[in-house]
$ cat run-v5.cif   # mmCIF, C-alpha atoms
data_final
#
loop_
_atom_site.label_atom_id
_atom_site.label_comp_id
_atom_site.auth_asym_id
_atom_site.auth_seq_id
_atom_site.Cartn_x
_atom_site.Cartn_y
_atom_site.Cartn_z
CA MET A 1 49.58 146.24 91.88
CA VAL A 2 52.14 148.64 93.19
CA THR A 3 52.78 148.05 96.87
CA ARG A 4 55.09 149.75 99.29
CA ARG A 5 57.19 146.61 99.23
CA SER A 6 57.46 146.58 95.43
CA ILE A 7 58.46 150.25 95.40
CA LEU A 8 61.11 149.59 97.99
CA LYS A 9 62.27 146.54 96.06
CA ALA A 10 62.46 148.54 92.81
CA GLY A 11 64.18 151.41 94.54
CA LEU A 12 66.72 149.09 96.01
CA SER A 13 67.35 147.25 92.78
CA ILE A 14 68.40 150.35 90.84
CA PRO A 15 71.58 151.10 92.79
CA VAL A 16 72.34 147.38 93.01
CA LEU A 17 72.18 147.06 89.23
CA THR A 18 74.25 150.20 88.83
CA MET A 19 76.85 148.84 91.17
CA ALA A 20 76.89 145.50 89.39
CA ALA A 21 77.38 147.23 86.04
CA GLY A 22 80.18 149.30 87.51
CA VAL A 23 81.92 146.21 88.79
CA THR A 24 81.62 144.56 85.39
CA THR A 25 83.11 147.59 83.64
CA ALA A 26 85.92 147.98 86.13
CA HIS A 27 86.83 144.30 85.91
CA SER A 28 86.18 143.75 82.24
CA GLU A 29 89.86 142.99 81.70
CA ALA A 30 90.24 140.99 84.88
CA LYS A 31 92.00 137.67 84.46
CA THR A 32 91.72 134.45 86.37
CA HIS A 33 94.98 132.82 87.45
CA GLU A 34 95.51 129.36 88.93
CA VAL A 35 97.91 128.47 91.70
CA VAL A 36 98.20 124.73 92.17
CA ILE A 37 99.25 123.38 95.55
CA GLU A 38 101.22 120.20 94.98
CA ASN A 39 104.09 118.44 96.69
CA PHE A 40 104.01 121.07 99.46
CA GLU A 41 104.61 123.92 97.04
CA PHE A 42 102.56 126.73 95.52
CA SER A 43 102.96 126.59 91.76
CA PRO A 44 103.71 129.12 90.47
CA ASP A 45 105.07 130.50 93.72
CA SER A 46 105.14 134.04 92.33
CA LEU A 47 102.61 135.61 90.04
CA ASP A 48 102.10 139.04 88.41
CA VAL A 49 98.49 140.17 88.77
CA LYS A 50 96.33 143.27 88.50
CA PRO A 51 93.70 144.64 90.88
CA GLY A 52 90.44 142.81 90.18
CA ASP A 53 92.15 139.67 88.90
CA LYS A 54 91.07 136.42 90.46
CA VAL A 55 93.53 133.86 91.79
CA VAL A 56 92.17 130.34 92.20
CA PHE A 57 94.10 128.15 94.63
CA ILE A 58 93.71 124.41 93.97
CA ASN A 59 94.96 121.85 96.48
CA ASN A 60 96.20 118.71 94.73
CA ASP A 61 98.03 117.36 97.79
CA VAL A 62 96.57 114.63 99.98
CA VAL A 63 96.73 116.79 103.12
CA PRO A 64 94.94 120.06 103.90
CA HIS A 65 96.70 123.33 103.14
CA THR A 66 95.80 127.00 103.33
CA ALA A 67 96.65 130.09 101.32
CA THR A 68 96.93 132.76 103.98
CA GLU A 69 98.14 136.34 103.62
CA LYS A 70 101.17 136.78 105.89
CA ASP A 71 99.44 139.33 108.13
CA GLY A 72 96.10 137.55 107.99
CA ALA A 73 94.36 140.00 105.62
CA TRP A 74 92.83 137.03 103.84
CA ASP A 75 92.76 133.32 104.45
CA SER A 76 91.41 130.45 102.40
CA GLY A 77 90.79 128.33 105.49
CA ASP A 78 91.56 124.63 105.19
CA LEU A 79 91.59 123.38 101.62
CA SER A 80 91.26 119.61 101.61
CA SER A 81 92.54 117.51 98.75
CA GLY A 82 90.78 118.64 95.56
CA ASP A 83 89.34 121.84 97.09
CA LYS A 84 89.53 125.22 95.33
CA TRP A 85 89.38 128.75 96.72
CA GLU A 86 89.23 132.03 94.88
CA TYR A 87 90.83 135.32 95.94
CA THR A 88 90.14 138.62 94.19
CA VAL A 89 93.18 140.88 94.13
CA GLU A 90 92.74 144.25 95.82
CA GLY A 91 95.13 147.18 95.48
CA THR A 92 98.70 147.13 94.28
CA GLY A 93 101.98 145.96 95.76
CA THR A 94 103.47 142.64 96.79
CA ILE A 95 101.25 140.23 98.65
CA ASN A 96 103.04 137.45 100.51
CA TYR A 97 101.17 134.36 101.58
CA TYR A 98 101.91 130.97 103.13
CA CYS A 99 100.30 127.78 104.41
CA VAL A 100 99.52 128.03 108.13
CA HIS A 101 99.97 124.28 108.59
CA HIS A 102 103.26 124.08 106.70
CA PRO A 103 104.92 127.51 107.03
CA VAL A 104 107.79 126.48 104.75
CA MET A 105 105.28 126.81 101.90
CA LEU A 106 105.53 130.40 100.65
CA GLY A 107 104.12 132.31 97.70
CA SER A 108 103.66 135.87 96.49
CA LEU A 109 101.47 137.93 94.21
CA THR A 110 102.78 141.16 92.67
CA SER A 111 99.88 143.45 91.87
CA LYS A 112 100.57 146.31 89.42
CA MET B 1 117.10 91.73 94.29
CA LYS B 2 114.74 90.62 97.05
CA SER B 3 117.65 89.90 99.31
CA THR B 4 119.14 93.32 98.56
CA LEU B 5 115.86 95.00 99.41
CA ARG B 6 115.60 93.03 102.60
CA LYS B 7 119.11 94.03 103.62
CA PHE B 8 118.30 97.64 102.79
CA ALA B 9 115.11 97.51 104.85
CA THR B 10 116.92 96.00 107.78
CA ALA B 11 119.75 98.53 107.57
CA THR B 12 117.29 101.42 107.26
CA MET B 13 115.33 100.31 110.25
CA ILE B 14 118.39 99.79 112.38
CA ALA B 15 119.79 103.14 111.33
CA ALA B 16 116.52 104.91 112.13
CA SER B 17 116.15 103.44 115.56
CA ALA B 18 117.45 100.22 116.98
CA SER B 19 114.47 99.99 119.29
CA MET B 20 111.82 100.89 116.74
CA LEU B 21 111.35 97.37 115.56
CA ALA B 22 112.66 94.02 116.63
CA VAL B 23 113.56 93.04 113.07
CA SER B 24 114.59 89.53 113.96
CA ALA B 25 111.14 88.91 115.45
CA PHE B 26 109.47 89.06 112.02
CA ALA B 27 108.30 85.73 110.67
CA LYS B 28 107.83 87.59 107.42
CA GLY B 29 110.11 90.57 106.80
CA PRO B 30 109.02 93.96 105.39
CA ALA B 31 110.47 93.09 101.96
CA GLU B 32 108.29 89.98 101.74
CA LEU B 33 104.92 91.67 102.25
CA ASN B 34 102.28 91.70 99.53
CA ASP B 35 100.20 94.75 98.61
CA LEU B 36 97.43 94.01 101.11
CA GLU B 37 100.00 93.69 103.89
CA ILE B 38 101.88 96.83 102.79
CA ALA B 39 98.56 98.75 102.86
CA HIS B 40 97.95 97.46 106.39
CA VAL B 41 101.40 98.51 107.59
CA ALA B 42 101.07 101.98 106.06
CA TYR B 43 97.65 102.55 107.64
CA THR B 44 98.84 101.20 110.99
CA ALA B 45 101.93 103.41 110.97
CA GLY B 46 99.73 106.47 110.41
CA ASN B 47 97.37 105.49 113.21
CA ILE B 48 100.27 105.02 115.60
CA ASP B 49 101.50 108.55 114.98
CA ILE B 50 97.95 109.81 115.53
CA ARG B 51 97.97 108.08 118.94
CA TYR B 52 101.32 109.69 119.80
CA ALA B 53 99.86 113.07 118.79
CA HIS B 54 96.80 112.63 121.01
CA LEU B 55 99.11 111.84 123.93
CA ALA B 56 101.25 114.92 123.19
CA LEU B 57 98.19 117.19 123.10
CA ALA B 58 97.01 115.74 126.40
CA LYS B 59 100.36 116.11 128.18
CA SER B 60 102.48 118.87 126.67
CA GLN B 61 102.31 122.61 127.28
CA ASN B 62 105.11 123.30 124.82
CA GLU B 63 103.81 125.35 121.90
CA GLU B 64 106.15 123.72 119.34
CA VAL B 65 105.15 120.24 120.46
CA ARG B 66 101.43 121.03 120.47
CA LYS B 67 101.60 122.63 117.03
CA PHE B 68 103.46 119.63 115.63
CA ALA B 69 101.06 117.16 117.25
CA ALA B 70 98.05 118.99 115.82
CA LEU B 71 99.66 118.84 112.39
CA MET B 72 100.28 115.10 112.77
CA LEU B 73 96.61 114.56 113.65
CA GLN B 74 95.52 116.50 110.61
CA ASP B 75 97.98 115.15 108.03
CA HIS B 76 98.00 111.47 109.05
CA LYS B 77 94.21 111.48 109.17
CA ALA B 78 94.12 112.97 105.67
CA VAL B 79 96.52 110.33 104.31
CA ASN B 80 94.66 107.50 106.05
CA ASP B 81 91.34 108.83 104.72
CA GLN B 82 92.84 108.58 101.23
CA ALA B 83 93.92 105.02 102.03
CA VAL B 84 90.39 104.11 103.12
CA ALA B 85 89.02 105.65 99.91
CA LEU B 86 91.47 103.57 97.88
CA ILE B 87 90.66 100.38 99.79
CA THR B 88 86.94 101.02 99.21
CA LYS B 89 87.52 101.73 95.51
CA LEU B 90 89.55 98.58 95.03
CA GLY B 91 87.20 96.49 97.18
CA ILE B 92 90.09 94.97 99.11
CA THR B 93 90.75 94.21 102.76
CA PRO B 94 94.25 95.00 104.06
CA MET B 95 95.92 92.03 105.76
CA ASP B 96 97.32 92.18 109.25
CA ASN B 97 100.89 90.88 109.47
CA ASP B 98 103.92 90.60 111.71
CA VAL B 99 105.29 94.02 110.78
CA SER B 100 102.00 95.74 111.71
CA LYS B 101 101.75 93.69 114.91
CA THR B 102 105.31 94.60 115.92
CA LEU B 103 104.72 98.28 115.20
CA VAL B 104 101.61 98.26 117.39
CA LYS B 105 103.30 96.31 120.19
CA ASN B 106 106.27 98.67 120.26
CA SER B 107 104.06 101.74 120.11
CA GLU B 108 102.05 100.55 123.11
CA ALA B 109 105.25 100.18 125.11
CA LEU B 110 106.38 103.64 124.06
CA ILE B 111 103.01 105.22 124.92
CA LYS B 112 103.26 103.64 128.37
CA GLU B 113 106.79 104.99 128.75
CA MET B 114 105.88 108.49 127.54
CA SER B 115 102.75 108.60 129.70
CA ALA B 116 104.97 108.41 132.78
CA LEU B 117 107.04 111.42 131.70
CA GLU B 118 106.24 115.04 132.43
CA GLY B 119 107.26 118.48 131.18
CA LYS B 120 110.46 118.77 129.21
CA ALA B 121 111.27 115.09 129.65
CA PHE B 122 108.06 114.22 127.83
CA ASP B 123 108.60 116.86 125.14
CA LEU B 124 112.11 115.62 124.41
CA ARG B 125 111.00 111.99 124.24
CA TYR B 126 108.04 112.79 121.99
CA ALA B 127 110.06 115.02 119.68
CA GLY B 128 112.98 112.58 119.49
CA ASN B 129 110.65 109.71 118.71
CA GLU B 130 108.84 111.69 116.01
CA ASP B 131 112.20 112.37 114.37
CA ASP B 132 113.21 108.68 114.57
CA TYR B 133 109.76 107.38 113.63
CA HIS B 134 109.48 109.50 110.49
CA LYS B 135 113.02 108.56 109.46
CA PHE B 136 112.12 104.91 109.94
CA VAL B 137 108.79 105.10 108.08
CA ASN B 138 110.29 107.13 105.24
CA GLY B 139 113.19 104.71 104.90
CA ALA B 140 110.83 101.75 104.75
CA LEU B 141 108.53 103.48 102.25
CA GLU B 142 111.32 104.64 99.99
CA GLY B 143 113.52 101.58 100.18
CA VAL B 144 111.02 98.73 100.40
CA PHE B 145 107.29 99.39 100.23
CA ILE B 146 107.15 101.76 97.24
CA PRO B 147 109.47 99.62 95.07
CA ASN B 148 107.62 96.44 96.10
CA ALA B 149 104.00 97.64 95.74
CA LYS B 150 102.45 96.11 92.64
CA ASN B 151 99.19 98.05 92.43
CA ALA B 152 99.74 101.43 90.73
CA ASP B 153 97.16 103.26 92.89
CA LEU B 154 98.73 101.93 96.09
CA LYS B 155 102.21 102.84 94.85
CA ASN B 156 101.02 106.39 94.07
CA LEU B 157 99.40 106.78 97.48
CA LEU B 158 102.59 105.58 99.18
CA LYS B 159 104.59 108.09 97.13
CA ALA B 160 102.19 110.89 98.11
CA GLY B 161 102.49 109.80 101.74
CA LEU B 162 106.28 109.83 101.52
CA LYS B 163 106.23 113.48 100.40
CA VAL B 164 104.05 114.38 103.39
CA PHE B 165 106.16 112.40 105.86
CA LYS B 166 109.43 113.87 104.59
CA VAL B 167 108.09 117.33 105.42
CA HIS B 168 107.17 115.97 108.86
CA GLU B 169 110.68 114.54 109.26
CA GLY B 170 112.21 117.95 108.58
CA HIS B 171 109.73 119.60 110.93
CA ALA B 172 110.44 117.02 113.66
CA GLY B 173 114.17 117.72 113.40
CA HIS B 174 113.51 121.44 113.96
CA MET B 175 111.25 120.62 116.90
CA VAL B 176 114.01 118.57 118.55
CA SER B 177 116.47 121.48 118.16
CA ALA B 178 113.91 123.99 119.44
CA ILE B 179 113.21 122.01 122.61
CA LYS B 180 116.87 121.38 123.53
#
$ encode --input "run-v5.cif" --output "structure tokens"
Amino acid sequence: MVTRRSILKAGLSIPVLTMAAGVTTAHSEAKTHEVVIENFEFSPDSLDVKPGDKVVFINNDVVPHTATEKDGAWDSGDLSSGDKWEYTVEGTGTINYYCVHHPVMLGSLTSK
Amino acid sequence: MKSTLRKFATATMIAASASMLAVSAFAKGPAELNDLEIAHVAYTAGNIDIRYAHLALAKSQNEEVRKFAALMLQDHKAVNDQAVALITKLGITPMDNDVSKTLVKNSEALIKEMSALEGKAFDLRYAGNEDDYHKFVNGALEGVFIPNAKNADLKNLLKAGLKVFKVHEGHAGHMVSAIK
């Protein structure tokens, strides 16, 4: 039975699927990079990436850390020991980030 | 070897702060502690710094001091949580000892002293003590407790703690300079 709700649902699903397909195509060559947080350092502390790439931050220290863009554009929030957080790279240029709890911890992503 | 370690521990403690511990009062010195006693001292030392941090957050209006104190609460809790997890995993009970007792006794006297201070006088005392306390703890960890710990998991946790506390030591030094 075709109801108003099912029509709306179908109508809504078409653009959603189209968008999803577009995302897949655009990011088909996207890579996933890992940045390990250990001994109060981001490793590697600099990384070449492309728009759409994913960067997974993994905290292997015993204390909480964050990966926070220097102007606050993005922020992992507290990553406890063993936690992971994923950031998807947007745009090009150099992205500098740090740990808000331990500001001596610095890292950068260069997006080309 | 044991005697060398003991001398090192004593020298480290005296160098860090003559008033931090009354070394001669120990019936059993830091270099003579077993793993269960070392675990107790490490946990106690963390808790003491958490108490200092609570006091600082209650009394200080200085941004540097408050930021540092909040970090101490967070980091020492995280390390002590790891210690509790290890204790649970190993099914052991840390043993109280003279070193832990002396640390607690001295910390209570210092909390009483700092509680009577206000404003910059408090900030300077807190910051100076954090600098001394982390130097003392790091010296004891590096020179005595890590070499003496027999259990590999405990040794690794102490090493991880040392890395954290060395960052704190550097931070405390900057805090002292910033307040002066």
$ interface_residues --input "run-v5.cif" --of "chain B" --to "chain A" --cutoff "10 Å" --atoms "only C-alpha atoms" --output "short mmCIF file (atom, residue, chain, number, x, y, z; two decimals) with C-alpha atoms, keeping the file's coordinate frame"
data_model
loop_
_atom_site.label_atom_id
_atom_site.label_comp_id
_atom_site.auth_asym_id
_atom_site.auth_seq_id
_atom_site.Cartn_x
_atom_site.Cartn_y
_atom_site.Cartn_z
CA LYS B 67 101.60 122.63 117.03
CA PHE B 68 103.46 119.63 115.63
CA ALA B 70 98.05 118.99 115.82
CA LEU B 71 99.66 118.84 112.39
CA GLN B 74 95.52 116.50 110.61
CA ASP B 75 97.98 115.15 108.03
CA HIS B 76 98.00 111.47 109.05
CA LYS B 77 94.21 111.48 109.17
CA ALA B 78 94.12 112.97 105.67
CA VAL B 79 96.52 110.33 104.31
CA ASN B 80 94.66 107.50 106.05
CA ASP B 81 91.34 108.83 104.72
CA GLN B 82 92.84 108.58 101.23
CA LEU B 157 99.40 106.78 97.48
CA ALA B 160 102.19 110.89 98.11
CA GLY B 161 102.49 109.80 101.74
CA LYS B 163 106.23 113.48 100.40
CA VAL B 164 104.05 114.38 103.39
CA VAL B 167 108.09 117.33 105.42
CA HIS B 168 107.17 115.97 108.86
CA HIS B 171 109.73 119.60 110.93
#
$ resolve_selection --input "run-v5.cif" --expression "the PyMOL selection byres ((chain A and resi 99) around 7)" --output "VMD selection string"
chain A and resid 65 to 68 98 100 to 103 105 to 106
$ resolve_selection --input "run-v5.cif" --expression "the PyMOL selection byres ((chain A and resi 49-51) around 6)" --output "MDAnalysis selection string"
chainID A and resid 48 52:53 89:91 110:112
$ atom_distance --input "run-v5.cif" --atom1 "atom CA of B:Ala39" --atom2 "atom CA of B:Pro94"
5.8 Å
$ resolve_selection --input "run-v5.cif" --expression "the PyMOL selection byres ((chain A and resi 54) around 8)" --output "PDB file with C-alpha atoms, keeping the file's coordinate frame"
ATOM      1  CA  ALA A  30      90.240 140.990  84.880  1.00  0.00           C
ATOM      2  CA  LYS A  31      92.000 137.670  84.460  1.00  0.00           C
ATOM      3  CA  THR A  32      91.720 134.450  86.370  1.00  0.00           C
ATOM      4  CA  HIS A  33      94.980 132.820  87.450  1.00  0.00           C
ATOM      5  CA  GLY A  52      90.440 142.810  90.180  1.00  0.00           C
ATOM      6  CA  ASP A  53      92.150 139.670  88.900  1.00  0.00           C
ATOM      7  CA  VAL A  55      93.530 133.860  91.790  1.00  0.00           C
ATOM      8  CA  VAL A  56      92.170 130.340  92.200  1.00  0.00           C
ATOM      9  CA  GLU A  86      89.230 132.030  94.880  1.00  0.00           C
ATOM     10  CA  TYR A  87      90.830 135.320  95.940  1.00  0.00           C
ATOM     11  CA  THR A  88      90.140 138.620  94.190  1.00  0.00           C
ATOM     12  CA  VAL A  89      93.180 140.880  94.130  1.00  0.00           C
TER      13      VAL A  89
END
$ atom_distance --input "run-v5.cif" --atom1 "atom CA of A:Tyr97" --atom2 "atom CA of B:Leu162"
25.1 Å
